[in-house]
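Since the structure comes first, as structure tokens, the remarks are kept for the end.
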Amino acid sequence: NGSIQISQARWTNNANVVVQSATLECVQFAANGAVLTQQETTLNGPVQPQATSNYGAFQMGSMAPNLAKVTCGIVGVTPAGQ
């Protein structure tokens, strides 16, 4: 009965263009590897090429029953001007 909180997010733009935003997805898994939930949030930029942006703590949603593991990663980006 809790929440998934990202305490420190750090995103480096390894592209050759300015990126306006990135989509961060966190997936909660059961002990048997079954996906319990998928949650997404937007990390806003802009972030220049080869630059890093840091984000303070934020909530990623409720913790699922039977949670064993959470993995998070960038699943999409929006270039500036799009």
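Letters A, B, ... mark the chains of the structure tokens in the order given; residue numbers begin at 1 per chain; ligand numbers begin at 1, in order shown.
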
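Shell of region 41-43 of chain A at 7 Å, with only C-alpha atoms counted and residues fewer than 5 places along the chain excluded, is A:Ser21, A:Ala22, A:Thr23, A:Leu24, A:Glu25.
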
- Taking the DSSP assignment computed from this structure's backbone, write out as number ranges by chain all residues of chain A that belong to strand (DSSP E). A: 3-6, 9-12, 19-29, 35-47, 52-55, 58-62, 69-79

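Between Ala15 (chain A) and the candidates A:Gln50, A:Lys69, A:Met60, A:Gln38, the tightest atom-to-atom separation, counting only C-alpha atoms, involves A:Gln50.
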
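The list of residues with at least one atom within 10 Å of Asn13 (chain A), based on only C-alpha atoms and without residues fewer than 3 positions apart in the same chain, reads Asn16, Val17, Val18, Val19, Ser21, Ala22, Gly45, Pro46, Val47, Gln48, Pro49, Gln50, Ala51, Thr52, Ser53 and Val77 of chain A.
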
Serialized selection, N, CA, C and O atoms, as a short mmCIF file (atom, residue, chain, number, x, y, z; two decimals), in the first residue's frame:
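Saved result, out33.cif, follows:
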```cif
data_model
loop_
_atom_site.label_atom_id
_atom_site.label_comp_id
_atom_site.auth_asym_id
_atom_site.auth_seq_id
_atom_site.Cartn_x
_atom_site.Cartn_y
_atom_site.Cartn_z
N ASN A 16 21.98 13.96 -31.55
CA ASN A 16 22.67 15.11 -32.14
C ASN A 16 21.74 16.31 -32.30
O ASN A 16 22.11 17.29 -32.95
N VAL A 17 20.53 16.22 -31.75
CA VAL A 17 19.55 17.31 -31.83
C VAL A 17 19.04 17.63 -30.43
O VAL A 17 19.15 16.82 -29.52
N VAL A 18 18.47 18.82 -30.28
CA VAL A 18 17.83 19.20 -29.02
C VAL A 18 16.58 18.34 -28.84
O VAL A 18 15.80 18.16 -29.78
N VAL A 19 16.39 17.79 -27.65
CA VAL A 19 15.22 16.98 -27.35
C VAL A 19 14.31 17.76 -26.41
O VAL A 19 14.75 18.25 -25.36
N SER A 21 11.38 16.61 -24.94
CA SER A 21 10.90 15.82 -23.80
C SER A 21 11.23 14.35 -24.04
O SER A 21 11.52 13.93 -25.16
N ALA A 22 11.18 13.59 -22.95
CA ALA A 22 11.37 12.14 -23.02
C ALA A 22 10.27 11.48 -22.20
O ALA A 22 9.80 12.04 -21.21
N GLY A 45 12.16 18.96 -21.20
CA GLY A 45 13.43 19.61 -21.52
C GLY A 45 13.17 21.09 -21.72
O GLY A 45 12.33 21.65 -21.02
N PRO A 46 13.82 21.68 -22.65
CA PRO A 46 14.66 21.04 -23.64
C PRO A 46 16.02 20.64 -23.06
O PRO A 46 16.49 21.24 -22.11
N VAL A 47 16.60 19.60 -23.69
CA VAL A 47 17.93 19.15 -23.32
C VAL A 47 18.80 19.19 -24.57
O VAL A 47 18.44 18.58 -25.59
N GLN A 48 19.88 19.92 -24.49
CA GLN A 48 20.79 20.07 -25.62
C GLN A 48 21.52 18.76 -25.91
O GLN A 48 21.63 17.90 -25.04
N PRO A 49 22.04 18.59 -27.14
CA PRO A 49 22.80 17.38 -27.46
C PRO A 49 23.97 17.19 -26.48
O PRO A 49 24.65 18.16 -26.13
N GLN A 50 24.14 15.97 -26.03
CA GLN A 50 25.21 15.55 -25.12
C GLN A 50 25.12 16.20 -23.73
O GLN A 50 26.06 16.11 -22.95
N ALA A 51 24.00 16.84 -23.42
CA ALA A 51 23.80 17.46 -22.10
C ALA A 51 22.97 16.52 -21.22
O ALA A 51 22.28 15.64 -21.70
N THR A 52 23.04 16.75 -19.91
CA THR A 52 22.31 15.95 -18.94
C THR A 52 21.34 16.84 -18.17
O THR A 52 21.69 17.97 -17.81
N SER A 53 20.15 16.34 -17.94
CA SER A 53 19.16 17.05 -17.14
C SER A 53 18.83 16.20 -15.92
O SER A 53 18.70 14.97 -16.02
N VAL A 77 11.21 9.77 -27.20
CA VAL A 77 11.66 11.16 -27.09
C VAL A 77 10.96 12.00 -28.15
O VAL A 77 10.54 11.48 -29.19
#
```

- Which residues, written as a PyMOL selection string, have at least one atom at most 9 Å from Gln28 (chain A), with only C-alpha atoms counted and residues fewer than 3 positions away on the same chain left out? chain A and resi 34-39+63-64+67-72

Please produce an output containing N, CA, C and O atoms for each residue in the selection, written as a PDB file, in the first residue's frame.
```pdb
ATOM      1  N   ALA A  34       5.824 -11.799 -14.186  1.00  0.00           N
ATOM      2  CA  ALA A  34       4.631 -11.260 -14.831  1.00  0.00           C
ATOM      3  C   ALA A  34       4.569  -9.743 -14.640  1.00  0.00           C
ATOM      4  O   ALA A  34       4.879  -9.226 -13.566  1.00  0.00           O
ATOM      5  N   VAL A  35       4.170  -9.043 -15.696  1.00  0.00           N
ATOM      6  CA  VAL A  35       3.998  -7.591 -15.625  1.00  0.00           C
ATOM      7  C   VAL A  35       2.722  -7.287 -14.849  1.00  0.00           C
ATOM      8  O   VAL A  35       1.649  -7.801 -15.172  1.00  0.00           O
ATOM      9  N   LEU A  36       2.861  -6.452 -13.824  1.00  0.00           N
ATOM     10  CA  LEU A  36       1.703  -6.046 -13.017  1.00  0.00           C
ATOM     11  C   LEU A  36       1.124  -4.729 -13.515  1.00  0.00           C
ATOM     12  O   LEU A  36      -0.093  -4.605 -13.652  1.00  0.00           O
ATOM     13  N   THR A  37       1.976  -3.737 -13.737  1.00  0.00           N
ATOM     14  CA  THR A  37       1.528  -2.438 -14.244  1.00  0.00           C
ATOM     15  C   THR A  37       2.638  -1.798 -15.060  1.00  0.00           C
ATOM     16  O   THR A  37       3.812  -2.128 -14.908  1.00  0.00           O
ATOM     17  N   GLN A  38       2.240  -0.862 -15.921  1.00  0.00           N
ATOM     18  CA  GLN A  38       3.167  -0.011 -16.657  1.00  0.00           C
ATOM     19  C   GLN A  38       2.676   1.418 -16.474  1.00  0.00           C
ATOM     20  O   GLN A  38       1.501   1.693 -16.683  1.00  0.00           O
ATOM     21  N   GLN A  39       3.594   2.299 -16.061  1.00  0.00           N
ATOM     22  CA  GLN A  39       3.233   3.696 -15.846  1.00  0.00           C
ATOM     23  C   GLN A  39       4.222   4.573 -16.596  1.00  0.00           C
ATOM     24  O   GLN A  39       5.422   4.276 -16.631  1.00  0.00           O
ATOM     25  N   MET A  63       1.912   1.419  -5.853  1.00  0.00           N
ATOM     26  CA  MET A  63       2.603   0.140  -5.863  1.00  0.00           C
ATOM     27  C   MET A  63       1.564  -0.970  -6.048  1.00  0.00           C
ATOM     28  O   MET A  63       0.534  -0.981  -5.379  1.00  0.00           O
ATOM     29  N   ALA A  64       1.846  -1.879  -6.968  1.00  0.00           N
ATOM     30  CA  ALA A  64       0.912  -2.972  -7.247  1.00  0.00           C
ATOM     31  C   ALA A  64       1.022  -4.068  -6.184  1.00  0.00           C
ATOM     32  O   ALA A  64       2.100  -4.295  -5.638  1.00  0.00           O
ATOM     33  N   LEU A  67       4.149  -6.929  -5.739  1.00  0.00           N
ATOM     34  CA  LEU A  67       5.303  -6.328  -6.407  1.00  0.00           C
ATOM     35  C   LEU A  67       6.599  -6.965  -5.916  1.00  0.00           C
ATOM     36  O   LEU A  67       6.814  -7.137  -4.723  1.00  0.00           O
ATOM     37  N   ALA A  68       7.469  -7.331  -6.871  1.00  0.00           N
ATOM     38  CA  ALA A  68       8.782  -7.880  -6.539  1.00  0.00           C
ATOM     39  C   ALA A  68       9.908  -7.020  -7.096  1.00  0.00           C
ATOM     40  O   ALA A  68      10.974  -6.933  -6.505  1.00  0.00           O
ATOM     41  N   LYS A  69       9.671  -6.347  -8.234  1.00  0.00           N
ATOM     42  CA  LYS A  69      10.730  -5.588  -8.900  1.00  0.00           C
ATOM     43  C   LYS A  69      10.127  -4.487  -9.755  1.00  0.00           C
ATOM     44  O   LYS A  69       9.052  -4.660 -10.324  1.00  0.00           O
ATOM     45  N   VAL A  70      10.837  -3.349  -9.845  1.00  0.00           N
ATOM     46  CA  VAL A  70      10.439  -2.247 -10.710  1.00  0.00           C
ATOM     47  C   VAL A  70      11.631  -1.909 -11.602  1.00  0.00           C
ATOM     48  O   VAL A  70      12.754  -1.796 -11.118  1.00  0.00           O
ATOM     49  N   THR A  71      11.380  -1.748 -12.896  1.00  0.00           N
ATOM     50  CA  THR A  71      12.416  -1.255 -13.801  1.00  0.00           C
ATOM     51  C   THR A  71      11.873  -0.022 -14.514  1.00  0.00           C
ATOM     52  O   THR A  71      10.683   0.052 -14.838  1.00  0.00           O
ATOM     53  N   CYS A  72      12.747   0.954 -14.738  1.00  0.00           N
ATOM     54  CA  CYS A  72      12.358   2.185 -15.408  1.00  0.00           C
ATOM     55  C   CYS A  72      13.338   2.493 -16.528  1.00  0.00           C
ATOM     56  O   CYS A  72      14.533   2.186 -16.412  1.00  0.00           O
TER      57      CYS A  72
END
```

- Item | Within 10 Å of Ile6 (chain A) using only C-alpha atoms, minus same-chain residues under 6 positions, as a ChimeraX atom specification | /A:26,55-60,72

Export, as a PDB file, in the first residue's frame, the selected residues with all heavy atoms.
```pdb
ATOM      1  N   CYS A  26       7.928   3.087 -16.173  1.00  0.00           N
ATOM      2  CA  CYS A  26       8.282   2.172 -15.098  1.00  0.00           C
ATOM      3  C   CYS A  26       7.332   0.983 -15.164  1.00  0.00           C
ATOM      4  O   CYS A  26       6.122   1.152 -15.296  1.00  0.00           O
ATOM      5  CB  CYS A  26       8.175   2.846 -13.731  1.00  0.00           C
ATOM      6  SG  CYS A  26       9.430   4.098 -13.453  1.00  0.00           S
ATOM      7  N   TYR A  55      16.321  15.632 -12.413  1.00  0.00           N
ATOM      8  CA  TYR A  55      14.961  15.869 -11.941  1.00  0.00           C
ATOM      9  C   TYR A  55      14.862  15.485 -10.484  1.00  0.00           C
ATOM     10  O   TYR A  55      15.428  14.477 -10.064  1.00  0.00           O
ATOM     11  CB  TYR A  55      13.961  15.041 -12.770  1.00  0.00           C
ATOM     12  CG  TYR A  55      14.024  15.386 -14.244  1.00  0.00           C
ATOM     13  CD1 TYR A  55      14.934  14.749 -15.078  1.00  0.00           C
ATOM     14  CD2 TYR A  55      13.223  16.362 -14.774  1.00  0.00           C
ATOM     15  CE1 TYR A  55      15.019  15.075 -16.420  1.00  0.00           C
ATOM     16  CE2 TYR A  55      13.297  16.705 -16.113  1.00  0.00           C
ATOM     17  CZ  TYR A  55      14.201  16.048 -16.930  1.00  0.00           C
ATOM     18  OH  TYR A  55      14.297  16.391 -18.255  1.00  0.00           O
ATOM     19  N   GLY A  56      14.140  16.274  -9.727  1.00  0.00           N
ATOM     20  CA  GLY A  56      13.919  15.975  -8.316  1.00  0.00           C
ATOM     21  C   GLY A  56      12.943  14.828  -8.144  1.00  0.00           C
ATOM     22  O   GLY A  56      12.440  14.250  -9.108  1.00  0.00           O
ATOM     23  N   ALA A  57      12.648  14.492  -6.917  1.00  0.00           N
ATOM     24  CA  ALA A  57      11.761  13.366  -6.598  1.00  0.00           C
ATOM     25  C   ALA A  57      10.356  13.590  -7.163  1.00  0.00           C
ATOM     26  O   ALA A  57       9.845  14.708  -7.160  1.00  0.00           O
ATOM     27  CB  ALA A  57      11.692  13.171  -5.092  1.00  0.00           C
ATOM     28  N   PHE A  58       9.757  12.515  -7.682  1.00  0.00           N
ATOM     29  CA  PHE A  58       8.380  12.567  -8.163  1.00  0.00           C
ATOM     30  C   PHE A  58       7.748  11.180  -8.048  1.00  0.00           C
ATOM     31  O   PHE A  58       8.437  10.169  -8.001  1.00  0.00           O
ATOM     32  CB  PHE A  58       8.282  13.104  -9.594  1.00  0.00           C
ATOM     33  CG  PHE A  58       9.059  12.315 -10.619  1.00  0.00           C
ATOM     34  CD1 PHE A  58       8.478  11.274 -11.311  1.00  0.00           C
ATOM     35  CD2 PHE A  58      10.377  12.638 -10.889  1.00  0.00           C
ATOM     36  CE1 PHE A  58       9.188  10.560 -12.250  1.00  0.00           C
ATOM     37  CE2 PHE A  58      11.104  11.938 -11.836  1.00  0.00           C
ATOM     38  CZ  PHE A  58      10.502  10.891 -12.523  1.00  0.00           C
ATOM     39  N   GLN A  59       6.415  11.159  -8.001  1.00  0.00           N
ATOM     40  CA  GLN A  59       5.647   9.919  -7.870  1.00  0.00           C
ATOM     41  C   GLN A  59       5.413   9.296  -9.242  1.00  0.00           C
ATOM     42  O   GLN A  59       5.149  10.004 -10.209  1.00  0.00           O
ATOM     43  CB  GLN A  59       4.295  10.195  -7.218  1.00  0.00           C
ATOM     44  CG  GLN A  59       4.377  10.756  -5.827  1.00  0.00           C
ATOM     45  CD  GLN A  59       4.895   9.761  -4.818  1.00  0.00           C
ATOM     46  OE1 GLN A  59       4.615   8.586  -4.887  1.00  0.00           O
ATOM     47  NE2 GLN A  59       5.669  10.244  -3.863  1.00  0.00           N
ATOM     48  N   MET A  60       5.493   7.968  -9.317  1.00  0.00           N
ATOM     49  CA  MET A  60       5.210   7.245 -10.559  1.00  0.00           C
ATOM     50  C   MET A  60       3.962   6.381 -10.430  1.00  0.00           C
ATOM     51  O   MET A  60       3.729   5.515 -11.257  1.00  0.00           O
ATOM     52  CB  MET A  60       6.394   6.358 -10.938  1.00  0.00           C
ATOM     53  CG  MET A  60       7.476   7.051 -11.703  1.00  0.00           C
ATOM     54  SD  MET A  60       6.977   7.752 -13.290  1.00  0.00           S
ATOM     55  CE  MET A  60       6.606   6.321 -14.266  1.00  0.00           C
ATOM     56  N   CYS A  72      12.747   0.954 -14.738  1.00  0.00           N
ATOM     57  CA  CYS A  72      12.358   2.185 -15.408  1.00  0.00           C
ATOM     58  C   CYS A  72      13.338   2.493 -16.528  1.00  0.00           C
ATOM     59  O   CYS A  72      14.533   2.186 -16.412  1.00  0.00           O
ATOM     60  CB  CYS A  72      12.349   3.355 -14.423  1.00  0.00           C
ATOM     61  SG  CYS A  72      11.168   3.188 -13.066  1.00  0.00           S
TER      62      CYS A  72
END
```

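Candidate residues A:Gly81, A:Gly61, A:Gly76, A:Gly2 were compared for distance to Val27 (chain A), and the nearest is A:Gly61, using only C-alpha atoms.
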
- Restricting the calculation to only C-alpha atoms, which member of A:Gln20, A:Thr12, A:Asn32, A:Ser62 is positioned closest to Ile74 (chain A)?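 Closest to Ile74 (chain A), using only C-alpha atoms: A:Thr12.
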
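Ranking A:Glu40, A:Gly33, A:Asn54, A:Pro65 by their shortest atom-to-atom distance to Trp11 (chain A), with only C-alpha atoms included, puts A:Asn54 first.
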